[in-house]
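Undergrad: Here you go, one structure.
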Amino acid sequence: MKFTKYTPFLFLVFIMQLGMAQQKNIEIKDSGAFGDIDEENFPGASILTRSDQGQVHIYHDGIDMFCDRAIFYGKEDFIEAYGNVNMKQGDTINLTSKYVEYSGKTQLAFASGDVVLTDPQSTITSDTLYFNRVNQESYYKSGGKVVRDSSGTITSRVGRYYMNEKKYRFVDSVKLVNPQYELNTKTLDYYSDNGYAYMYGPSTIVGDSSKIYSERGFYNTTDDTGYFVRNSRIDYDNRVVVGDSIFFDRNRNFASATNNITVTDTINSSIIKGHYAEVYRAKDSVYITKRALAITIQETDSIYMHADTLMITGKADHRITRGFYNGKVYKSDISAKADSIHADHKSGLTQLINLARLNKGDAFSAARKPILWNVDNQMTGDTIHLKSNPKTEKLDSLIVFNNAFLISKDTISEDGYNQISGKRLIGLFDDNNDINEVHILKNAESINYSRNDKDELIGIEKSKSGDIIIYFENKEVVELRKITQFEGKLYTEEDLPKNARKLRGFDWRDDERPKSVEDLFKDDPPYVLPVIKGLAPYKADEEFFGDALIGRINKADKEADAKQLNKKDEAPKASRTVPKKFLNKAATGVKKTAEKPGLKLEDEKE
């Protein structure tokens with residue numbers, strides 16, 4: 001083996017002459033202890049080794065590189081650096097590794113072995129890393145990690161850093177670990193200067209008290225807020241929020257949702273729907289509007305409540321639902337309507353309330369009292385309380401406070417109505433949720449159509465008494481008792497004028513009765529869902545080893561051929577062009593990258 005040794009002085013003179021002949025070529029600032037030439041193993045190259053005074057120092061167009069040993073191909077403007085390699089670009093980029101290849105022609109570097117690249121805001125670590133100085137981009141494809149103090153640590157199989165934009169693109173098995181949460185996604189665009197993160201594909205953000213899922217979303221890692229727009233949901237301790245778009249604020253324990261919202265209470269088996277909602281986790285409360293609907297799921301028959309606005313408050317063991325303005329309730333055997341509805345799910349008490357309003361021009365200011373329908377009976381009053389058993393899901397009783405009025409249509413006559421009015425009404429229900437007993441207390445009045453077994457009209461009884469008790473069987477009146485101070489008379493149809501067949505305060509409102517879930521919304525004006533602008537769909541960038549870089553490599557290769565740097569007689573045992581080496585690395589990288597699943601997202605439809 002032929003081996004020749006040069007003195008450091010002569011070698012430096014040679015390098016300076018080479019630098020003068022070619023501008024912006026790789027320069028050797030400090031060659032170390034000595035330079036060697038090994039034509040058999042490294043034809044056409046100079047071997048540089050560090051001295052006791054310091055490492056080998058290489059410079060090229062604003063970048064400094066230090067290493068323990070370097071193999072420099074001067075004609076090809078290419079260098080291989082070994083041992084404690086440190087590459088610096090001003091005060092912005094600092095790269096350390098065990099090994100680096102760098103081409104002055106293409107300005108492409110390849111680093112391997114414990115690679116660490118730092119800038120003022122973040123640090124990249126990987127086993128291998130490519131650095132494109134022309135585009136100021138770095139790239140790894142065999143797994144890497146990025147650390148940023150304020151947002152945590154991000155790992156992925158593939159990563160790309162756009163240094164001018166301060167943007168990272170992570171692909172495949174992406175994980176962001178923060179002390180407060182962990183983010184997992186398929187593809188993540190992350191901006192290091194402001195902490196903005198854009199997620200594409202199935203993504204989760206899991207914290208101590210919440211779990212977020214979305215297939216397109218944005219998260220501000222600086223202030224812990226997020227916005228999610230595709231198949232999005234938030235799981236709290238005992239609530240699940242789903243909507244077309246969801247906003248999330250971790251510090252405030254707050255979330256809001258827009259369009260096609262469903263909030264599920266997993267403990268109390270209840271669901272709330274609407275098109276705008278706000279959820280305050282710390283206060284255990286939900287506010288929902290825009291065709292709001294609350295559903296209490298029961299084994300045999302669910303209860304539906306609708307109002308302009310619904311509020312659900314209280315801990316899981318004591319939920320309270322409030323419905324404001326034009327509140328309605330529907331169940332197969334009972335319906336109700338009132339200005340305001342208050343339902344205590346622990347006690348089973350539902351209150352139908354008539355709100356006193358100062359604004360007489362309000363759409364709800366008409367004196368339409370709270371109303372409840374059960375089977376064929378209509379009950380109204382200033383306030384109505386309906387009591388049920390939360391465990392058995394059975395109706396227990398109802399109380400109508402002040403101006404109680406009970407009406408049921410006569411089964412035969414076209415315009416006949418059985419009526420009872422008084423100060424207060426107390427009703428009791430049987431096991432089938434049908435009224436089986438009604439007490440009318442104080443100042444009771446009644447009109448009753450009496451019929452025989454053949455449904456023939458006997459007469460119309462009109463009476464007054466202190467109290468009245470009515471007994472029902474099979475949904476029909478079987479007995480009507482007048483108690484104390486009774487006075488009344490049985491009239492024939494001819495003897496009782498039609499205008500006398502209705503008690504004062506009579507108001508038959510069967511047209512308002514909800515007879516299905518859809519009927520709960522029949523008074524609502526048409527509602528058009530607002531258009532959600534959302535987040536821009538995923539946009540694929542040019543491959544790191546794309547046409548521009550391959551073009552630079554090919555151009556450098558042609559220049560080398562023109563200068564006959566690749567002639568076999570100059571390098572008989574190791575003929576190569578350094579740019580081709582990069583070209584082969586690039587082609588291999590592209591092939592391997594493309595073979596891995598999940599690196600590109602197909603065009604997403606809006």
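Note on naming: chains are A, B, ... as they come in the structure tokens, residues start from 1 per chain, ligands start from 1 in the order shown.
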Write down as a ChimeraX atom specification the residues of stretch 155-374 of chain A whose backbone DSSP state falls under strand (DSSP E).
TA: /A:155-156,158-162,167-178,181-191,196-207,211-220,225-228,232-235,239-243,245-249,254-265,270-280,285-296,303-313,320-331,334-344,349-353,371-374
Undergrad: Atom CA of A:Ser31 and atom CA of A:Gly44 are how many Å apart?
TA: 16.8 Å
Undergrad: Would you please work out which residue, of A:Lys29, A:Ala307, A:Ile246, A:Ser256, is nearest to A:Asp524 when using only C-alpha atoms?
TA: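 Using only C-alpha atoms, the shortest distance to A:Asp524 belongs to A:Ala307.
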Undergrad: What's around stretch 76-92 of chain A at 8 Å? Count only C-alpha atoms, leave out sequence neighbours fewer than 4 positions away in its own chain, and write the answer as a PDB file with C-alpha atoms, in the first residue's frame.
TA:
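Saved as out.pdb:
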```
ATOM      1  CA  ASN A  25     -15.833  25.857  -2.472  1.00  0.00           C
ATOM      2  CA  ILE A  26     -15.253  23.958   0.733  1.00  0.00           C
ATOM      3  CA  GLY A  62     -21.472  30.616   6.012  1.00  0.00           C
ATOM      4  CA  ILE A  63     -21.286  27.181   7.622  1.00  0.00           C
ATOM      5  CA  ASP A  64     -18.521  25.940   9.931  1.00  0.00           C
ATOM      6  CA  MET A  65     -17.896  22.272  10.607  1.00  0.00           C
ATOM      7  CA  PHE A  66     -15.560  20.715  13.157  1.00  0.00           C
ATOM      8  CA  CYS A  67     -14.614  17.047  13.433  1.00  0.00           C
ATOM      9  CA  ASP A  68     -11.870  14.694  14.645  1.00  0.00           C
ATOM     10  CA  ARG A  69     -11.158  13.281  11.193  1.00  0.00           C
ATOM     11  CA  ALA A  70     -12.139  14.269   7.646  1.00  0.00           C
ATOM     12  CA  ILE A  71     -11.773  12.820   4.166  1.00  0.00           C
ATOM     13  CA  PHE A  72     -11.755  15.695   1.692  1.00  0.00           C
ATOM     14  CA  THR A  96     -23.782  17.474  16.173  1.00  0.00           C
ATOM     15  CA  SER A  97     -23.331  13.833  15.154  1.00  0.00           C
ATOM     16  CA  LYS A  98     -20.782  11.056  14.764  1.00  0.00           C
ATOM     17  CA  TYR A  99     -20.589  11.317  10.985  1.00  0.00           C
ATOM     18  CA  VAL A 100     -21.438  13.878   8.262  1.00  0.00           C
ATOM     19  CA  GLU A 101     -21.240  13.885   4.477  1.00  0.00           C
ATOM     20  CA  TYR A 102     -21.402  17.294   2.817  1.00  0.00           C
ATOM     21  CA  SER A 103     -21.297  18.416  -0.831  1.00  0.00           C
ATOM     22  CA  GLY A 104     -20.301  21.982  -1.621  1.00  0.00           C
ATOM     23  CA  LYS A 105     -21.899  21.647  -5.048  1.00  0.00           C
ATOM     24  CA  THR A 118     -30.754  22.714  17.613  1.00  0.00           C
ATOM     25  CA  ASP A 119     -32.103  26.153  16.865  1.00  0.00           C
ATOM     26  CA  PRO A 120     -33.067  28.858  19.395  1.00  0.00           C
ATOM     27  CA  ALA A 560     -17.950  17.027 -12.733  1.00  0.00           C
ATOM     28  CA  LEU A 565     -13.505  14.556 -12.500  1.00  0.00           C
ATOM     29  CA  THR A 577     -18.963  11.186  -8.446  1.00  0.00           C
ATOM     30  CA  VAL A 578     -19.856  12.443  -5.009  1.00  0.00           C
TER      31      VAL A 578
END
```
Undergrad: Would you mind listing what lies within 9 Å of A:Ser335 as a list in words, with only C-alpha atoms counted and same-chain residues fewer than 6 positions away left out?
TA: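 Residues near the query, excluding close chain neighbours: Lys328, Val329, Ile371, Leu372, Trp373, Asn374, Arg513, Pro514 and Lys515 of chain A.
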Undergrad: Please compute the atom CA of A:Met199-atom CA of A:Tyr276 distance, one decimal, in Å.
TA: 23.6 Å
Undergrad: What does the distance from atom CA of A:Pro390 to atom CA of A:His318 come to in Å, to one decimal?
TA: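 Atom CA of A:His318 lies at a distance of 11.4 Å from atom CA of A:Pro390.
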Undergrad: Could you list, as a PyMOL selection string, every residue within 9 Å of A:Lys211, counting only C-alpha atoms and ignoring same-chain residues fewer than 2 positions away?
TA: chain A and resi 204-209+213+233-236
Undergrad: Go ahead and save the residues from that selection, with C-alpha atoms, as a PDB file, in the first residue's frame.
TA:
```pdb
ATOM      1  CA  THR A 204     -56.301  12.108  20.036  1.00  0.00           C
ATOM      2  CA  ILE A 205     -55.355  14.510  22.832  1.00  0.00           C
ATOM      3  CA  VAL A 206     -55.530  12.788  26.220  1.00  0.00           C
ATOM      4  CA  GLY A 207     -55.262  14.704  29.498  1.00  0.00           C
ATOM      5  CA  ASP A 208     -56.057  13.944  33.131  1.00  0.00           C
ATOM      6  CA  SER A 209     -59.724  14.890  32.808  1.00  0.00           C
ATOM      7  CA  TYR A 213     -60.678  12.880  19.159  1.00  0.00           C
ATOM      8  CA  ARG A 233     -65.608  14.613  20.167  1.00  0.00           C
ATOM      9  CA  ILE A 234     -64.512  15.380  23.720  1.00  0.00           C
ATOM     10  CA  ASP A 235     -64.797  12.814  26.519  1.00  0.00           C
ATOM     11  CA  TYR A 236     -64.974  14.346  29.991  1.00  0.00           C
TER      12      TYR A 236
END
```
